[in-house]
file my_file.txt (compact mmCIF, C-alpha atoms)
# COMPACT_ATOMS: atom_id res chain seq x y z
CA MET Z 12 83.83 3.28 28.94
CA GLY Z 13 80.73 4.53 27.10
CA GLU Z 14 78.75 4.58 30.31
CA GLU Z 15 81.55 6.35 32.14
CA PHE Z 16 81.65 9.04 29.46
CA THR Z 17 77.90 9.52 29.81
CA HIS Z 18 78.35 10.05 33.56
CA ILE Z 19 81.05 12.64 32.97
CA TRP Z 20 78.95 14.35 30.32
CA VAL Z 21 75.89 14.48 32.58
CA TYR Z 22 78.02 16.07 35.29
CA LEU Z 23 79.82 18.56 33.03
CA SER Z 24 76.71 19.62 31.16
CA THR Z 25 75.21 20.89 34.41
CA THR Z 26 78.18 23.01 35.49
CA PRO Z 27 78.91 26.50 34.09
CA LEU Z 28 82.50 25.39 33.38
CA LEU Z 29 81.66 23.74 30.07
CA GLY Z 30 79.72 26.64 28.53
CA LEU Z 31 82.42 29.10 29.57
CA THR Z 32 85.27 26.95 28.27
CA VAL Z 33 83.74 26.15 24.86
CA THR Z 34 82.99 29.87 24.36
CA LEU Z 35 86.64 30.80 24.91
CA VAL Z 36 87.91 27.89 22.82
CA ALA Z 37 85.55 28.69 19.92
CA TYR Z 38 86.54 32.37 20.00
CA GLN Z 39 90.26 31.52 19.99
CA ALA Z 40 89.70 29.12 17.08
CA GLY Z 41 87.84 31.87 15.23
CA MET Z 42 90.69 34.32 15.92
CA TRP Z 43 93.24 31.74 14.75
CA ILE Z 44 91.44 31.28 11.41
CA TYR Z 45 90.92 35.05 10.98
CA VAL Z 46 94.59 35.87 11.58
CA ARG Z 47 95.77 33.01 9.30
CA ALA Z 48 93.49 34.41 6.56
CA ASN Z 49 95.26 37.81 6.78
CA MET Z 50 92.30 39.28 8.66
CA ASN Z 51 89.95 38.85 5.74
CA PRO Z 52 86.66 40.43 6.93
CA LEU Z 53 84.66 37.55 5.41
CA LEU Z 54 86.22 35.20 8.00
CA ASN Z 55 85.03 37.22 10.98
CA PRO Z 56 86.15 35.48 14.20
CA VAL Z 57 82.90 36.11 16.07
CA LEU Z 58 80.81 34.73 13.23
CA ILE Z 59 83.03 31.62 13.09
CA ALA Z 60 82.78 31.18 16.88
CA VAL Z 61 78.98 31.60 16.84
CA LEU Z 62 78.56 29.10 13.96
CA MET Z 63 80.82 26.57 15.72
CA LEU Z 64 78.96 26.90 19.01
CA VAL Z 65 75.50 26.72 17.42
CA GLY Z 66 76.65 23.59 15.57
CA LEU Z 67 78.09 22.08 18.75
CA LEU Z 68 74.95 22.75 20.79
CA MET Z 69 72.75 21.26 18.06
CA ILE Z 70 74.91 18.13 17.69
CA THR Z 71 75.04 17.51 21.45
CA GLY Z 72 71.36 18.37 21.87
CA THR Z 73 72.17 21.04 24.45
CA ASP Z 74 69.61 23.83 24.78
CA TYR Z 75 70.63 27.48 24.79
CA PRO Z 76 69.73 28.26 28.45
CA THR Z 77 72.01 25.41 29.62
CA TYR Z 78 74.88 26.79 27.54
CA PHE Z 79 74.18 30.34 28.70
CA ASP Z 80 74.45 29.30 32.37
CA GLY Z 81 78.19 29.08 31.76
CA ALA Z 82 78.59 31.68 29.04
CA GLN Z 83 76.86 34.36 31.14
CA PHE Z 84 80.17 35.08 32.88
CA VAL Z 85 81.54 36.34 29.57
CA HIS Z 86 78.23 38.01 28.70
CA PHE Z 87 78.20 39.95 31.97
CA MET Z 88 81.33 41.85 30.97
CA LEU Z 89 79.43 43.49 28.08
CA GLY Z 90 78.01 46.12 30.45
CA PRO Z 91 81.33 47.41 31.85
CA ALA Z 92 82.88 47.10 28.35
CA THR Z 93 80.15 49.34 26.95
CA VAL Z 94 80.91 51.93 29.66
CA ALA Z 95 84.62 51.56 28.81
CA LEU Z 96 83.88 52.66 25.21
CA ALA Z 97 83.83 56.19 26.67
CA VAL Z 98 87.65 56.00 26.98
CA PRO Z 99 88.58 55.62 23.26
CA LEU Z 100 85.75 58.04 22.46
CA TYR Z 101 87.31 60.64 24.78
CA GLN Z 102 90.79 60.03 23.34
CA GLN Z 103 89.58 60.54 19.74
CA PHE Z 104 87.43 63.49 20.79
CA GLN Z 105 90.52 65.24 22.20
CA LYS Z 106 92.23 65.01 18.82
CA VAL Z 107 89.39 66.46 16.74
CA ARG Z 108 87.90 69.11 19.03
CA GLY Z 109 88.35 71.83 16.39
CA SER Z 110 86.21 70.13 13.76
CA PHE Z 111 83.91 68.36 16.19
CA TRP Z 112 80.64 69.95 15.01
CA MET Z 113 81.37 69.05 11.42
CA ILE Z 114 82.09 65.46 12.41
CA LEU Z 115 79.03 65.22 14.63
CA THR Z 116 76.79 66.50 11.81
CA ALA Z 117 78.18 63.94 9.36
CA ILE Z 118 77.70 61.11 11.88
CA LEU Z 119 74.15 62.22 12.70
CA ALA Z 120 73.33 62.26 8.97
CA GLY Z 121 74.78 58.75 8.69
CA SER Z 122 73.01 57.54 11.81
CA ILE Z 123 69.60 58.71 10.58
CA THR Z 124 70.26 57.29 7.09
CA ALA Z 125 71.24 53.92 8.59
CA ALA Z 126 68.09 53.65 10.70
CA LEU Z 127 65.59 55.00 8.15
CA SER Z 128 66.93 53.03 5.16
CA ALA Z 129 67.15 49.76 7.11
CA ILE Z 130 63.63 50.18 8.49
CA GLY Z 131 62.30 51.32 5.09
CA VAL Z 132 63.75 48.44 3.07
CA ALA Z 133 62.83 45.83 5.70
CA TRP Z 134 59.27 47.20 5.86
CA ALA Z 135 58.94 47.26 2.04
CA MET Z 136 60.10 43.64 1.91
CA GLY Z 137 57.41 42.65 4.41
CA VAL Z 138 59.73 41.75 7.31
CA SER Z 139 58.02 41.05 10.67
CA ARG Z 140 57.99 43.77 13.32
CA GLU Z 141 60.22 41.72 15.65
CA THR Z 142 62.89 41.35 12.94
CA LEU Z 143 62.50 44.96 11.82
CA LEU Z 144 63.23 46.22 15.34
CA SER Z 145 66.25 43.90 15.48
CA ILE Z 146 67.59 45.25 12.16
CA ALA Z 147 67.13 48.96 13.03
CA PRO Z 148 70.32 49.34 15.19
CA LYS Z 149 72.45 47.13 12.90
CA SER Z 150 75.15 49.77 12.19
CA VAL Z 151 75.91 50.25 15.90
CA THR Z 152 78.62 48.36 17.77
CA ALA Z 153 77.15 45.09 19.08
CA PRO Z 154 77.08 45.78 22.85
CA ILE Z 155 75.15 49.03 22.32
CA ALA Z 156 73.01 47.63 19.49
CA MET Z 157 71.86 44.69 21.60
CA GLY Z 158 70.89 47.06 24.41
CA ILE Z 159 68.94 49.22 21.96
CA ALA Z 160 67.18 46.16 20.48
CA GLU Z 161 66.19 45.04 23.95
CA VAL Z 162 64.78 48.44 24.90
CA MET Z 163 62.89 48.71 21.56
CA GLY Z 164 61.36 45.22 21.70
CA GLY Z 165 63.62 43.52 19.15
CA VAL Z 166 65.60 40.29 19.59
CA PRO Z 167 69.08 41.14 21.00
CA SER Z 168 70.74 37.91 19.84
CA LEU Z 169 69.40 38.34 16.29
CA THR Z 170 70.70 41.92 16.43
CA ALA Z 171 74.15 40.63 17.45
CA VAL Z 172 74.34 38.45 14.34
CA LEU Z 173 72.94 41.19 12.03
CA VAL Z 174 75.46 43.67 13.46
CA ILE Z 175 78.31 41.30 12.58
CA LEU Z 176 76.92 40.78 9.05
CA THR Z 177 76.59 44.56 8.61
CA GLY Z 178 80.19 44.99 9.72
CA ILE Z 179 81.33 42.43 7.15
CA ILE Z 180 79.26 44.08 4.36
CA GLY Z 181 80.73 47.50 5.21
CA ALA Z 182 84.29 46.20 5.43
CA VAL Z 183 83.97 44.40 2.09
CA LEU Z 184 82.04 47.07 0.10
CA GLY Z 185 83.28 50.24 1.83
CA THR Z 186 86.45 50.88 -0.16
CA TRP Z 187 84.60 50.23 -3.43
CA ILE Z 188 81.73 52.65 -2.63
CA LEU Z 189 84.09 55.40 -1.44
CA ASN Z 190 86.21 55.02 -4.58
CA ILE Z 191 83.15 55.25 -6.84
CA LEU Z 192 82.14 58.45 -5.01
CA ASN Z 193 85.71 59.72 -5.42
CA ILE Z 194 86.12 60.43 -1.68
CA LYS Z 195 89.85 60.99 -1.11
CA ASP Z 196 89.76 62.56 2.37
CA TRP Z 197 90.86 59.86 4.88
CA ARG Z 198 88.84 61.54 7.61
CA ALA Z 199 85.61 61.28 5.61
CA ARG Z 200 86.41 57.71 4.55
CA GLY Z 201 87.03 56.65 8.17
CA LEU Z 202 83.91 58.38 9.50
CA ALA Z 203 81.75 56.71 6.83
CA ILE Z 204 83.08 53.21 7.53
CA GLY Z 205 82.91 53.61 11.33
CA THR Z 206 79.36 54.98 11.23
CA ALA Z 207 78.04 52.28 8.89
CA SER Z 208 79.93 49.25 10.12
CA HIS Z 209 81.23 49.87 13.69
CA GLY Z 210 84.19 47.83 15.02
CA ILE Z 211 84.54 45.47 12.06
CA GLY Z 212 84.70 48.41 9.63
CA THR Z 213 87.06 50.22 12.03
CA ALA Z 214 89.43 47.24 12.09
CA ARG Z 215 89.46 47.28 8.28
CA ALA Z 216 90.02 51.07 8.18
CA LEU Z 217 92.95 50.73 10.62
CA GLN Z 218 94.60 48.24 8.25
CA VAL Z 219 94.38 50.75 5.39
CA ASN Z 220 95.19 54.12 6.99
CA GLU Z 221 95.84 55.35 10.53
CA VAL Z 222 93.83 58.58 10.17
CA ALA Z 223 90.90 56.66 8.69
CA GLY Z 224 91.14 54.21 11.60
CA ALA Z 225 91.06 56.97 14.22
CA PHE Z 226 88.04 58.63 12.61
CA ALA Z 227 86.29 55.27 12.22
CA SER Z 228 86.79 54.60 15.93
CA LEU Z 229 85.37 58.03 16.81
CA ALA Z 230 82.41 57.46 14.49
CA MET Z 231 81.71 54.06 16.04
CA GLY Z 232 81.43 55.55 19.56
CA LEU Z 233 79.44 58.63 18.56
CA ASN Z 234 77.08 56.67 16.32
CA GLY Z 235 76.39 54.30 19.21
CA LEU Z 236 75.30 57.22 21.38
CA ALA Z 237 73.47 58.97 18.52
CA THR Z 238 71.49 55.87 17.51
CA ALA Z 239 70.59 55.05 21.11
CA VAL Z 240 69.07 58.54 21.44
CA LEU Z 241 67.59 58.92 17.93
CA LEU Z 242 66.14 55.47 17.24
CA PRO Z 243 63.39 55.61 19.90
CA LEU Z 244 62.40 59.04 18.50
CA ILE Z 245 62.43 57.79 14.88
CA LEU Z 246 60.44 54.67 15.76
CA GLY Z 247 58.06 56.79 17.82
CA LEU Z 248 57.32 58.90 14.75
CA ILE Z 249 56.80 55.86 12.49
CA PHE Z 250 54.76 53.54 14.71
CA MET W 14 93.80 46.08 34.87
CA THR W 15 93.27 47.35 38.38
CA LEU W 16 90.36 46.54 40.63
CA GLY W 17 89.82 50.22 41.36
CA PHE W 18 89.09 51.15 37.78
CA ILE W 19 86.92 48.06 37.16
CA THR W 20 84.93 49.30 40.15
CA TRP W 21 84.61 52.73 38.53
CA LEU W 22 83.27 51.19 35.32
CA LEU W 23 80.71 49.22 37.34
CA VAL W 24 79.75 52.33 39.34
CA PHE W 25 79.13 54.25 36.10
CA GLN W 26 77.14 51.32 34.71
CA LEU W 27 75.07 51.24 37.89
CA LEU W 28 74.50 55.02 37.72
CA GLY W 29 73.45 54.54 34.10
CA GLU W 30 70.97 51.81 35.00
CA VAL W 31 69.54 53.88 37.84
CA MET W 32 69.15 56.96 35.62
CA SER W 33 67.73 54.95 32.71
CA ARG W 34 65.10 53.32 34.90
CA GLY W 35 64.55 56.27 37.24
CA PHE W 36 63.81 58.72 34.42
CA GLU W 37 62.26 55.98 32.22
CA LEU W 38 64.70 56.80 29.42
CA PRO W 39 64.42 54.59 26.32
CA LEU W 40 68.20 54.04 26.60
CA PRO W 41 70.19 50.99 27.75
CA GLY W 42 71.74 51.57 31.20
CA PRO W 43 75.34 50.86 30.07
CA VAL W 44 74.99 53.42 27.24
CA VAL W 45 73.89 56.06 29.77
CA GLY W 46 76.89 54.98 31.88
CA MET W 47 79.17 55.43 28.86
CA ALA W 48 77.79 58.94 28.23
CA LEU W 49 78.25 59.83 31.92
CA LEU W 50 81.85 58.59 31.93
CA PHE W 51 82.56 60.52 28.72
CA VAL W 52 81.18 63.74 30.26
CA ALA W 53 83.15 63.08 33.46
CA LEU W 54 86.38 62.75 31.44
CA VAL W 55 85.67 65.93 29.46
CA VAL W 56 84.95 67.85 32.69
CA ARG W 57 88.03 66.40 34.38
CA GLY W 58 90.13 67.24 31.32
CA ASP W 59 92.44 64.24 31.46
CA LEU W 60 92.43 60.47 31.36
CA PRO W 61 93.91 58.50 34.29
CA GLN W 62 96.48 55.99 33.01
CA GLY W 63 94.88 53.18 35.07
CA LEU W 64 91.48 53.78 33.48
CA LYS W 65 93.08 53.84 30.04
CA ASP W 66 94.76 50.46 30.72
CA THR W 67 91.65 48.88 32.23
CA ALA W 68 89.41 50.02 29.37
CA GLY W 69 92.01 48.94 26.83
CA GLY W 70 92.23 45.46 28.37
CA LEU W 71 88.47 45.05 28.40
CA LEU W 72 87.97 46.38 24.86
CA LYS W 73 90.80 44.36 23.36
CA HIS W 74 88.52 41.34 23.32
CA LEU W 75 85.24 43.20 23.01
CA SER W 76 84.11 40.88 20.25
CA LEU W 77 84.46 37.82 22.53
CA LEU W 78 81.93 39.37 24.89
CA PHE W 79 79.03 39.20 22.45
CA VAL W 80 79.61 35.58 21.40
CA PRO W 81 77.25 34.14 24.08
CA ALA W 82 74.43 36.47 23.00
CA GLY W 83 75.17 35.76 19.33
CA VAL W 84 74.78 32.02 19.93
CA GLY W 85 71.24 32.83 21.09
CA VAL W 86 70.36 33.30 17.43
CA MET W 87 69.87 29.51 17.37
CA MET W 88 66.54 30.14 19.10
CA HIS W 89 65.48 32.49 16.30
CA LEU W 90 66.73 30.62 13.25
CA HIS W 91 63.16 30.55 11.91
CA LEU W 92 63.27 34.36 11.58
CA LEU W 93 66.44 34.15 9.48
CA GLN W 94 65.02 31.27 7.44
CA ASP W 95 61.71 32.96 6.69
CA GLU W 96 62.89 36.52 6.22
CA TRP W 97 66.41 36.34 4.84
CA PRO W 98 65.61 38.16 1.55
CA GLY W 99 64.25 41.20 3.41
CA ILE W 100 67.04 41.10 5.98
CA THR W 101 69.78 40.85 3.33
CA ALA W 102 68.30 43.67 1.24
CA ALA W 103 67.93 45.92 4.30
CA LEU W 104 71.52 45.28 5.47
CA VAL W 105 73.17 45.79 2.07
CA VAL W 106 71.14 48.81 0.91
CA SER W 107 71.33 50.54 4.28
CA THR W 108 75.08 49.95 4.72
CA VAL W 109 75.87 51.29 1.23
CA LEU W 110 73.65 54.36 1.73
CA THR W 111 75.07 55.07 5.21
CA ILE W 112 78.65 54.98 3.94
CA ALA W 113 77.79 57.25 0.99
CA VAL W 114 75.78 59.81 3.00
CA THR W 115 78.28 60.08 5.89
CA ALA W 116 81.26 60.53 3.55
CA LEU W 117 79.49 63.03 1.27
CA VAL W 118 78.20 65.14 4.19
CA MET W 119 81.69 65.22 5.76
CA VAL W 120 83.35 66.22 2.47
CA GLY W 121 80.60 68.79 1.77
CA LEU W 122 80.95 70.35 5.23
CA GLY W 123 84.73 70.41 4.79
CA LYS W 124 84.36 72.41 1.58
CA ILE W 125 81.91 74.86 3.18
CA THR W 126 84.19 75.36 6.19
CA ALA W 127 87.23 75.86 3.95
CA LYS W 128 85.34 78.52 1.97
CA LEU W 129 84.24 80.29 5.15
CA THR W 130 87.73 80.38 6.65
CA LYS W 131 89.10 81.63 3.31
CA THR W 132 86.64 84.54 3.15
CA SER W 133 87.11 85.45 6.81
CA GLY W 134 90.86 85.09 6.32
CA GLN W 135 90.89 87.83 3.68
CA GLY W 136 91.20 90.42 6.39
CA PRO W 137 89.15 93.12 8.01
CA SER W 138 88.18 94.80 4.70
CA ASP W 139 84.75 93.18 4.67
CA GLY W 140 83.93 93.80 8.29
call {"tool": "encode", "arguments": {"input": "my_file.txt", "output": "structure tokens"}}
result
Amino acid sequence: MGEEFTHIWVYLSTTPLLGLTVTLVAYQAGMWIYVRANMNPLLNPVLIAVLMLVGLLMITGTDYPTYFDGAQFVHFMLGPATVALAVPLYQQFQKVRGSFWMILTAILAGSITAALSAIGVAWAMGVSRETLLSIAPKSVTAPIAMGIAEVMGGVPSLTAVLVILTGIIGAVLGTWILNILNIKDWRARGLAIGTASHGIGTARALQVNEVAGAFASLAMGLNGLATAVLLPLILGLIF
Amino acid sequence: MTLGFITWLLVFQLLGEVMSRGFELPLPGPVVGMALLFVALVVRGDLPQGLKDTAGGLLKHLSLLFVPAGVGVMMHLHLLQDEWPGITAALVVSTVLTIAVTALVMVGLGKITAKLTKTSGQGPSDG
């Protein structure tokens, strides 16, 4: 029986089927926990899935490239999904055309603040260049942020995890900060959360208020584009 | 989700990659593709229902799509282990500042715009 299992394992571990299946199972498990916990941002489904998979790979002694052979089928869809972000961006853009310049200015201010403050604090704390470049796009939605990290010479997978952590921080602290600042305008609240903490913040904003959710979604798309354009310029000035 | 609109997304991604590499832009190809599709929609002036459905289907589980890359962090655990104080400080400080600045700029601009429309709304007396 033991020997038979080893044979099966040796076979399965060389086919893409296993990596693909465990990715989907881990994600669904993460979603299940997240929904049961009333969508508490601390129990982010992606973070749960990543922790489960890292644990599984370590326990079974599987290396990352072997896992990725299967998981790449999911990973490939990131490209078309990034292009598809143009659709919600266009839909939100249609609704706010009148105040578009105001919104764009606020998002650009947020985008520059996000990049400069992250780079500044990381640099002051003596973080390595590789990590610093992975932190820089942390407020941008993961598919775009990973692309930016790759272009800039950071570590895309580290960026993916830092993006999720940033989303959680924004979703948890956002309401508190905005209340301290006495911001009552739902549009401003949504823009701030979407710019700072992308999709995870947007999901949180949507739970609270529909207008805030729509503006968060717009901010997420625009900040992705803005950071992709601005970050190389900012880093070019610094380094 | 129709094949036709998946094809369009891939065509825009491909155009983005070609432009990004061709002009040596420091931008990821898919992001250029996203910008091109956005411009195409604005020029066209409406959103085909099929594209809306296809994009919606793909984006519904957007977070699943970056799980495989996220798992790659296991190859860089030493970075997290060695540099977590700097990373944590950067994430928290930067997120708080970004939220504050974005909200304050938006509210500030709203006040300025309101003032401007009020003064211009007072009639032709000043002009």
call {"tool": "residues_around", "arguments": {"input": "my_file.txt", "residues": "Thr115 (chain W)", "least_positions_apart": "2", "cutoff": "12 Å", "atoms": "only C-alpha atoms", "output": "MDAnalysis selection string"}}
result
(chainID Z and resid 113:125 185 188:189 192 194 198:208 226:227 230 234) or (chainID W and resid 107:113 117:122)
call {"tool": "residues_around", "arguments": {"input": "my_file.txt", "residues": "region 45-50 of chain W", "least_positions_apart": "2", "cutoff": "7 Å", "atoms": "only C-alpha atoms", "output": "compact mmCIF listing (two decimals) with C-alpha atoms, in the coordinates of the input"}}
result
# COMPACT_ATOMS: atom_id res chain seq x y z
CA THR Z 93 80.15 49.34 26.95
CA VAL Z 94 80.91 51.93 29.66
CA ALA Z 95 84.62 51.56 28.81
CA LEU Z 96 83.88 52.66 25.21
CA ALA Z 97 83.83 56.19 26.67
CA PHE W 25 79.13 54.25 36.10
CA GLN W 26 77.14 51.32 34.71
CA LEU W 28 74.50 55.02 37.72
CA GLY W 29 73.45 54.54 34.10
CA SER W 33 67.73 54.95 32.71
CA LEU W 40 68.20 54.04 26.60
CA PRO W 41 70.19 50.99 27.75
CA GLY W 42 71.74 51.57 31.20
CA PRO W 43 75.34 50.86 30.07
CA VAL W 52 81.18 63.74 30.26
CA ALA W 53 83.15 63.08 33.46
CA LEU W 54 86.38 62.75 31.44
call {"tool": "closest_residue", "arguments": {"input": "my_file.txt", "among": "W:Val56, W:Leu64, W:Leu72, W:Leu22", "to": "Val44 (chain W)", "atoms": "all atoms listed in the file"}}
result
W:Leu22
call {"tool": "closest_residue", "arguments": {"input": "my_file.txt", "among": "W:Ala127, W:Leu93, W:Leu38, W:Ala68", "to": "chain Z", "atoms": "all atoms listed in the file"}}
result
W:Ala68
call {"tool": "atom_distance", "arguments": {"input": "my_file.txt", "atom1": "CA of Val85 (chain Z)", "atom2": "CA of Leu78 (chain W)"}}
result
5.6 Å
call {"tool": "closest_residue", "arguments": {"input": "my_file.txt", "among": "Z:Val65, Z:Phe104, Z:Gly41, Z:Gly131", "to": "Asp59 (chain W)", "atoms": "only C-alpha atoms"}}
result
Z:Phe104
call {"tool": "atom_distance", "arguments": {"input": "my_file.txt", "atom1": "CA of Gly69 (chain W)", "atom2": "CA of Lys149 (chain Z)"}}
result
24.1 Å
call {"tool": "closest_residue", "arguments": {"input": "my_file.txt", "among": "W:Thr67, W:Gly83, W:Trp21, W:Arg57", "to": "chain Z", "atoms": "all atoms listed in the file"}}
result
W:Gly83
call {"tool": "axis_aligned_box", "arguments": {"input": "my_file.txt", "around": "region 137-145 of chain Z", "padding_each_side": "5 Å", "output": "JSON"}}
result
{"center_x": 61.8, "center_y": 43.6, "center_z": 10.0, "size_x": 18.8, "size_y": 15.2, "size_z": 21.2}
call {"tool": "closest_residue", "arguments": {"input": "my_file.txt", "among": "W:Val105, W:Met87, W:Ala82, W:Ala116", "to": "Thr170 (chain Z)", "atoms": "all atoms listed in the file"}}
result
W:Ala82
call {"tool": "decode", "arguments": {"input": "my_file.txt", "residues": "region 73-89 of chain W", "atoms": "N, CA and C atoms", "output": "mmCIF file, in the first residue's frame"}}
result
data_model
loop_
_atom_site.group_PDB
_atom_site.id
_atom_site.type_symbol
_atom_site.label_atom_id
_atom_site.label_comp_id
_atom_site.auth_asym_id
_atom_site.auth_seq_id
_atom_site.Cartn_x
_atom_site.Cartn_y
_atom_site.Cartn_z
ATOM 1 N N LYS W 73 -14.123 38.399 -11.670
ATOM 2 C CA LYS W 73 -14.833 37.906 -10.495
ATOM 3 C C LYS W 73 -13.876 37.131 -9.587
ATOM 4 N N HIS W 74 -12.977 36.397 -10.196
ATOM 5 C CA HIS W 74 -12.020 35.630 -9.407
ATOM 6 C C HIS W 74 -10.599 36.118 -9.634
ATOM 7 N N LEU W 75 -10.477 37.435 -9.789
ATOM 8 C CA LEU W 75 -9.156 38.026 -10.025
ATOM 9 C C LEU W 75 -8.151 37.593 -8.961
ATOM 10 N N SER W 76 -8.621 37.523 -7.711
ATOM 11 C CA SER W 76 -7.667 37.231 -6.639
ATOM 12 C C SER W 76 -7.119 35.800 -6.722
ATOM 13 N N LEU W 77 -7.899 34.878 -7.320
ATOM 14 C CA LEU W 77 -7.376 33.518 -7.527
ATOM 15 C C LEU W 77 -6.133 33.552 -8.424
ATOM 16 N N LEU W 78 -6.166 34.458 -9.408
ATOM 17 C CA LEU W 78 -5.136 34.451 -10.439
ATOM 18 C C LEU W 78 -3.746 34.810 -9.910
ATOM 19 N N PHE W 79 -3.661 35.525 -8.787
ATOM 20 C CA PHE W 79 -2.313 35.794 -8.286
ATOM 21 C C PHE W 79 -1.890 34.908 -7.117
ATOM 22 N N VAL W 80 -2.649 33.829 -6.881
ATOM 23 C CA VAL W 80 -2.217 32.841 -5.887
ATOM 24 C C VAL W 80 -0.903 32.149 -6.297
ATOM 25 N N PRO W 81 -0.808 31.617 -7.556
ATOM 26 C CA PRO W 81 0.437 30.930 -7.917
ATOM 27 C C PRO W 81 1.676 31.810 -7.743
ATOM 28 N N ALA W 82 1.593 33.075 -8.151
ATOM 29 C CA ALA W 82 2.734 33.970 -7.989
ATOM 30 C C ALA W 82 2.997 34.222 -6.508
ATOM 31 N N GLY W 83 1.912 34.388 -5.738
ATOM 32 C CA GLY W 83 2.062 34.634 -4.300
ATOM 33 C C GLY W 83 2.790 33.501 -3.586
ATOM 34 N N VAL W 84 2.517 32.258 -4.025
ATOM 35 C CA VAL W 84 3.178 31.100 -3.412
ATOM 36 C C VAL W 84 4.698 31.179 -3.633
ATOM 37 N N GLY W 85 5.093 31.852 -4.696
ATOM 38 C CA GLY W 85 6.517 32.029 -4.991
ATOM 39 C C GLY W 85 7.280 32.730 -3.885
ATOM 40 N N VAL W 86 6.555 33.363 -2.963
ATOM 41 C CA VAL W 86 7.209 34.052 -1.850
ATOM 42 C C VAL W 86 8.018 33.051 -1.009
ATOM 43 N N MET W 87 7.669 31.761 -1.120
ATOM 44 C CA MET W 87 8.419 30.758 -0.347
ATOM 45 C C MET W 87 9.894 30.731 -0.745
ATOM 46 N N MET W 88 10.192 31.211 -1.942
ATOM 47 C CA MET W 88 11.600 31.253 -2.368
ATOM 48 C C MET W 88 12.294 32.503 -1.842
ATOM 49 N N HIS W 89 11.537 33.411 -1.245
ATOM 50 C CA HIS W 89 12.132 34.667 -0.767
ATOM 51 C C HIS W 89 11.811 34.895 0.703
#
